[in-house]
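start.tsv follows (TSV, C-alpha atoms):
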```tsv
chain	number	residue	atom	x	y	z
A	1	TYR	CA	-48.08	-42.25	-90.56
A	2	GLU	CA	-50.44	-42.51	-93.52
A	3	PRO	CA	-52.96	-45.16	-94.59
A	4	LYS	CA	-51.75	-47.70	-97.13
A	5	TRP	CA	-54.25	-47.59	-99.98
A	6	ASP	CA	-55.40	-50.52	-102.09
A	7	GLY	CA	-55.32	-49.08	-105.60
A	8	PHE	CA	-53.06	-48.25	-108.53
A	9	ARG	CA	-49.91	-46.27	-107.69
A	10	ALA	CA	-49.74	-43.37	-110.14
A	11	ILE	CA	-47.75	-40.25	-111.01
A	12	VAL	CA	-49.79	-37.27	-112.19
A	13	THR	CA	-48.02	-34.65	-114.31
A	14	ARG	CA	-49.64	-31.39	-115.33
A	15	ASP	CA	-47.67	-29.07	-117.58
A	16	ALA	CA	-48.07	-26.96	-120.71
A	17	GLU	CA	-48.88	-30.10	-122.71
A	18	GLY	CA	-51.78	-31.09	-120.47
A	19	VAL	CA	-52.34	-33.84	-117.90
A	20	ARG	CA	-50.62	-37.21	-117.91
A	21	ILE	CA	-51.21	-40.12	-115.55
A	22	ASP	CA	-48.57	-42.84	-115.55
A	23	SER	CA	-47.85	-45.89	-113.47
A	24	ARG	CA	-44.66	-46.01	-111.42
A	25	GLY	CA	-43.23	-48.07	-114.29
A	26	ASP	CA	-44.10	-45.32	-116.82
A	27	ARG	CA	-47.11	-47.15	-118.21
A	28	PRO	CA	-49.72	-44.63	-119.45
A	29	LEU	CA	-52.89	-44.82	-117.36
A	30	GLY	CA	-54.74	-41.70	-118.51
A	31	ARG	CA	-56.80	-43.45	-121.17
A	32	TYR	CA	-58.26	-45.74	-118.50
A	33	PHE	CA	-59.26	-42.85	-116.24
A	34	PRO	CA	-60.52	-40.05	-118.51
A	35	GLU	CA	-62.63	-38.57	-115.72
A	36	LEU	CA	-59.48	-37.90	-113.64
A	37	VAL	CA	-57.66	-36.36	-116.61
A	38	GLU	CA	-60.66	-34.09	-117.22
A	39	LEU	CA	-60.92	-33.16	-113.54
A	40	LEU	CA	-57.23	-32.27	-113.20
A	41	ALA	CA	-57.17	-30.35	-116.50
A	42	ALA	CA	-60.11	-28.21	-115.34
A	43	GLN	CA	-58.35	-27.01	-112.16
A	44	PRO	CA	-56.83	-23.50	-111.83
A	45	PRO	CA	-53.51	-22.99	-113.68
A	46	ALA	CA	-50.62	-24.86	-112.10
A	47	THR	CA	-47.80	-27.17	-113.11
A	48	TYR	CA	-46.85	-30.05	-110.88
A	49	VAL	CA	-45.87	-33.70	-110.53
A	50	MET	CA	-47.80	-35.55	-107.83
A	51	ASP	CA	-47.40	-39.05	-106.46
A	52	GLY	CA	-50.47	-40.90	-105.26
A	53	GLU	CA	-52.96	-43.71	-105.65
A	54	ILE	CA	-55.97	-44.21	-107.88
A	55	LEU	CA	-58.86	-45.70	-105.90
A	56	MET	CA	-62.36	-46.89	-106.55
A	57	ILE	CA	-64.68	-45.97	-103.67
A	58	ILE	CA	-68.04	-47.73	-103.55
A	59	ASP	CA	-70.35	-47.24	-100.57
A	60	GLY	CA	-67.42	-45.85	-98.56
A	61	VAL	CA	-65.21	-48.86	-99.19
A	62	MET	CA	-62.28	-49.38	-101.58
A	63	ASP	CA	-63.08	-51.86	-104.34
A	64	PHE	CA	-59.94	-53.14	-106.09
A	65	GLU	CA	-61.77	-55.64	-108.28
A	66	THR	CA	-63.93	-52.89	-109.79
A	67	LEU	CA	-60.81	-50.75	-110.23
A	68	GLN	CA	-59.20	-53.55	-112.26
A	69	LEU	CA	-62.14	-53.53	-114.67
A	70	ARG	CA	-60.99	-50.11	-115.87
A	71	LEU	CA	-57.94	-51.63	-117.59
A	72	HIS	CA	-60.06	-52.49	-120.62
A	73	PRO	CA	-58.86	-52.21	-124.23
A	74	ALA	CA	-62.15	-50.77	-125.51
A	75	ALA	CA	-62.46	-47.00	-125.04
A	76	SER	CA	-66.25	-47.22	-125.14
A	77	ARG	CA	-66.23	-49.61	-122.18
A	78	VAL	CA	-63.79	-47.42	-120.22
A	79	ASN	CA	-65.90	-44.30	-120.84
A	80	LYS	CA	-69.05	-46.12	-119.74
A	81	LEU	CA	-67.44	-47.24	-116.49
A	82	ALA	CA	-65.91	-43.78	-115.93
A	83	GLY	CA	-69.39	-42.31	-116.05
A	84	GLU	CA	-70.98	-44.94	-113.84
A	85	ILE	CA	-68.25	-45.40	-111.20
A	86	PRO	CA	-65.68	-42.57	-111.38
A	87	ALA	CA	-62.28	-42.96	-109.72
A	88	THR	CA	-60.63	-40.96	-106.94
A	89	PHE	CA	-56.99	-39.85	-106.87
A	90	VAL	CA	-55.48	-39.66	-103.38
A	91	ALA	CA	-52.29	-37.56	-103.41
A	92	PHE	CA	-49.58	-38.33	-100.87
A	93	ASP	CA	-46.48	-36.58	-102.24
A	94	VAL	CA	-45.35	-33.86	-104.65
A	95	LEU	CA	-42.13	-34.02	-106.65
A	96	GLU	CA	-42.31	-30.78	-108.61
A	97	ARG	CA	-44.35	-27.59	-108.49
A	98	ASP	CA	-44.27	-24.59	-110.81
A	99	GLY	CA	-40.90	-25.61	-112.22
A	100	ARG	CA	-39.31	-26.22	-108.81
A	101	ASP	CA	-37.82	-29.64	-108.12
A	102	LEU	CA	-39.03	-30.54	-104.62
A	103	ARG	CA	-37.42	-33.97	-104.29
A	104	SER	CA	-34.56	-32.64	-102.18
A	105	LEU	CA	-36.99	-31.29	-99.56
A	106	ASN	CA	-37.79	-33.40	-96.53
A	107	THR	CA	-41.13	-35.11	-95.93
A	108	ASP	CA	-42.60	-32.30	-93.82
A	109	GLU	CA	-41.59	-29.63	-96.33
A	110	ARG	CA	-43.05	-31.56	-99.25
A	111	ARG	CA	-46.23	-32.17	-97.26
A	112	ALA	CA	-46.62	-28.41	-96.75
A	113	GLU	CA	-46.12	-27.87	-100.49
A	114	LEU	CA	-48.69	-30.56	-101.28
A	115	GLU	CA	-51.27	-29.08	-98.90
A	116	SER	CA	-50.74	-25.65	-100.44
A	117	LEU	CA	-51.12	-27.08	-103.94
A	118	ILE	CA	-54.33	-28.94	-103.11
A	119	GLN	CA	-55.77	-25.77	-101.59
A	120	HIS	CA	-54.78	-23.81	-104.71
A	121	LEU	CA	-56.58	-26.34	-106.89
A	122	GLY	CA	-59.69	-25.97	-104.77
A	123	GLU	CA	-59.89	-29.66	-103.96
A	124	GLU	CA	-60.21	-31.38	-100.62
A	125	LEU	CA	-57.65	-31.44	-97.85
A	126	ALA	CA	-57.19	-34.60	-95.83
A	127	PRO	CA	-60.33	-35.95	-94.16
A	128	ASP	CA	-60.08	-36.68	-90.45
A	129	SER	CA	-59.89	-40.38	-91.24
A	130	PRO	CA	-59.84	-42.69	-94.26
A	131	ALA	CA	-63.60	-43.03	-93.79
A	132	GLY	CA	-63.86	-39.45	-95.08
A	133	LEU	CA	-63.11	-40.61	-98.63
A	134	HIS	CA	-65.94	-40.45	-101.12
A	135	PRO	CA	-66.60	-41.56	-104.71
A	136	GLY	CA	-64.85	-39.66	-107.49
A	137	PRO	CA	-64.04	-38.05	-109.67
A	138	ALA	CA	-62.07	-36.33	-106.94
A	139	LEU	CA	-58.59	-35.23	-105.94
A	140	ILE	CA	-58.01	-35.71	-102.22
A	141	LEU	CA	-55.01	-35.30	-99.94
A	142	THR	CA	-54.19	-38.43	-97.94
A	143	PRO	CA	-54.65	-38.22	-94.16
A	144	GLN	CA	-51.47	-38.03	-92.09
A	145	THR	CA	-50.81	-38.28	-88.35
A	146	ARG	CA	-47.93	-38.38	-85.86
A	147	ASP	CA	-50.14	-40.08	-83.27
A	148	PRO	CA	-49.36	-43.84	-82.99
A	149	ASP	CA	-52.85	-44.50	-81.61
A	150	VAL	CA	-54.47	-42.98	-84.69
A	151	ALA	CA	-52.07	-44.93	-86.91
A	152	ARG	CA	-53.00	-48.13	-85.08
A	153	ARG	CA	-56.69	-47.38	-85.70
A	154	TRP	CA	-55.95	-46.95	-89.40
A	155	PHE	CA	-53.94	-50.16	-89.47
A	156	GLU	CA	-56.75	-52.10	-87.82
A	157	ASP	CA	-59.16	-50.52	-90.32
A	158	VAL	CA	-61.60	-49.65	-87.56
A	159	ASP	CA	-63.71	-47.64	-90.02
A	160	GLY	CA	-63.88	-50.58	-92.42
A	161	VAL	CA	-62.65	-48.62	-95.45
A	162	GLY	CA	-60.48	-51.49	-96.66
A	163	GLN	CA	-56.99	-50.01	-96.45
A	164	ASP	CA	-54.17	-52.53	-96.56
A	165	GLY	CA	-52.18	-51.26	-93.55
A	166	ILE	CA	-50.15	-48.11	-92.90
A	167	VAL	CA	-47.07	-46.36	-94.24
A	168	ALA	CA	-44.48	-44.78	-91.93
A	169	LYS	CA	-42.25	-41.96	-93.23
A	170	ARG	CA	-39.36	-40.18	-91.56
A	171	ALA	CA	-39.95	-36.44	-91.25
A	172	GLU	CA	-36.43	-35.66	-92.51
A	173	GLN	CA	-36.55	-38.09	-95.46
A	174	ARG	CA	-36.06	-36.76	-98.99
A	175	TYR	CA	-37.94	-38.19	-101.97
A	176	VAL	CA	-35.90	-41.06	-103.36
A	177	GLU	CA	-36.88	-42.70	-106.65
A	178	GLY	CA	-36.45	-46.43	-107.16
A	179	GLU	CA	-35.73	-47.14	-103.50
A	180	ARG	CA	-38.03	-48.14	-100.67
A	181	VAL	CA	-37.19	-45.62	-97.96
A	182	MET	CA	-40.58	-45.65	-96.26
A	183	VAL	CA	-41.83	-48.48	-94.08
A	184	LYS	CA	-44.98	-50.28	-95.20
A	185	VAL	CA	-46.77	-52.29	-92.54
A	186	LYS	CA	-49.21	-54.57	-94.33
A	187	HIS	CA	-51.90	-56.89	-93.07
A	188	HIS	CA	-50.88	-60.54	-93.11
A	189	ARG	CA	-53.51	-63.12	-93.82
A	190	THR	CA	-53.14	-66.88	-93.55
A	191	ALA	CA	-55.21	-69.72	-94.97
A	192	ASP	CA	-55.20	-73.50	-94.76
A	193	CYS	CA	-55.19	-74.92	-98.28
A	194	VAL	CA	-55.23	-78.30	-99.96
A	195	VAL	CA	-53.54	-78.32	-103.36
A	196	GLY	CA	-54.60	-81.13	-105.66
A	197	GLY	CA	-53.33	-82.13	-109.07
A	198	TYR	CA	-53.02	-84.94	-111.55
A	199	ARG	CA	-50.44	-86.34	-113.90
A	200	LEU	CA	-51.19	-87.41	-117.47
A	201	GLU	CA	-50.37	-91.05	-118.16
A	202	ARG	CA	-47.50	-91.46	-120.55
A	203	LYS	CA	-47.74	-94.21	-123.14
```
In structure tokens, what does this structure look like?
Amino acid sequence: YEPKWDGFRAIVTRDAEGVRIDSRGDRPLGRYFPELVELLAAQPPATYVMDGEILMIIDGVMDFETLQLRLHPAASRVNKLAGEIPATFVAFDVLERDGRDLRSLNTDERRAELESLIQHLGEELAPDSPAGLHPGPALILTPQTRDPDVARRWFEDVDGVGQDGIVAKRAEQRYVEGERVMVKVKHHRTADCVVGGYRLERK
């Protein structure tokens, strides 16, 4: 089990050409998060493709509205926000490392590769709970547990971090692109609403 984050899903690629951050739909995101590109480019030599989530952490809580402000067309505005409220990248999978395609490995094997990679880069391993997240710029490994009670605590957001539920993965599952092979358990919220409208008079 892992927390389900409330951010932008992103694929980070670091190779001989530098660092690229793209959305799952191949939309370039690097220009909106220059502080993450700079952080990842400054790490020890390594080539990899990581899957994860870009978050905005403010006072220990995820702030999706502030994260959305980063999708601004003006570079000056983006750079100002990057300096004032830097983003955090939470890694939860690795597809490739040092030229090796890891997608055929199972979840546990890829997790071990990801932990090793994060350690090599000198960044932070998983905090004990989602509450261990802190403001960026940072590269952090997502927490993971096999304990249903811990997963239930994350789902209920006992620490008040703002995660949107949990994700359950099978230990033997390979990485599959374009298919939902993991189980996402989201919070469901209901509201009583009155919808009003009007119709223009036709003459």
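The interatomic distance for the pair CA of Ser104 (chain A) and CA of Trp5 (chain A) works out to 24.8 Å.
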Out of A:Ile85, A:Val158, A:Leu29, A:Ile11, which residue has the shortest atom-to-atom distance to Pro73 (chain A) when counting all atoms listed in the file? A:Leu29
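Residues surrounding Ile140 (chain A) within 7 Å are Phe89, Val90, Ala91, Glu123, Glu124, Leu125, Ala126, Ala138 and Thr142 of chain A [all atoms listed in the file; sequence separation below 2 positions excluded].
Minimum distance to Glu38 (chain A) across A:Ala112, A:Ile54, A:Leu139, A:Ala75 (counting all atoms listed in the file) occurs at A:Leu139.
Closest approach to Arg146 (chain A) among A:Tyr1, A:Lys169, A:Asp98, A:Phe64 is made by A:Tyr1 (distances from all atoms listed in the file).
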List the neighbours of Arg111 (chain A) out to 8 Å using only C-alpha atoms; skip same-chain residues closer than 3 positions along the sequence, and give me the result as a list in words. Phe92, Asp93, Val94, Thr107, Asp108, Leu114 and Glu115 of chain A
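Of the listed residues A:Thr66, A:Gln163, A:Ser23, A:Thr13, the one whose atoms come nearest to Ala87 (chain A) is A:Thr66, with distances taken using only C-alpha atoms.
Across the structure, CA of Glu113 (chain A) and CA of Met50 (chain A) are spaced 10.8 Å apart.
Straight-line separation from CA of Gln119 (chain A) to CA of Arg9 (chain A): 22.2 Å.
Residues surrounding Val78 (chain A) within 7 Å are A:Tyr32, A:Arg70, A:His72 [all atoms listed in the file; sequence separation below 6 positions excluded].
Taking all atoms listed in the file into account, Val167 (chain A) lies nearest to A:Lys184 out of the set A:Lys184, A:Arg20, A:Arg202, A:Arg152.
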Min atom-atom distance to Lys80 (chain A) from the set A:Phe8, A:Glu35, A:Ala131, A:Glu2, counting all atoms listed in the file, belongs to A:Glu35
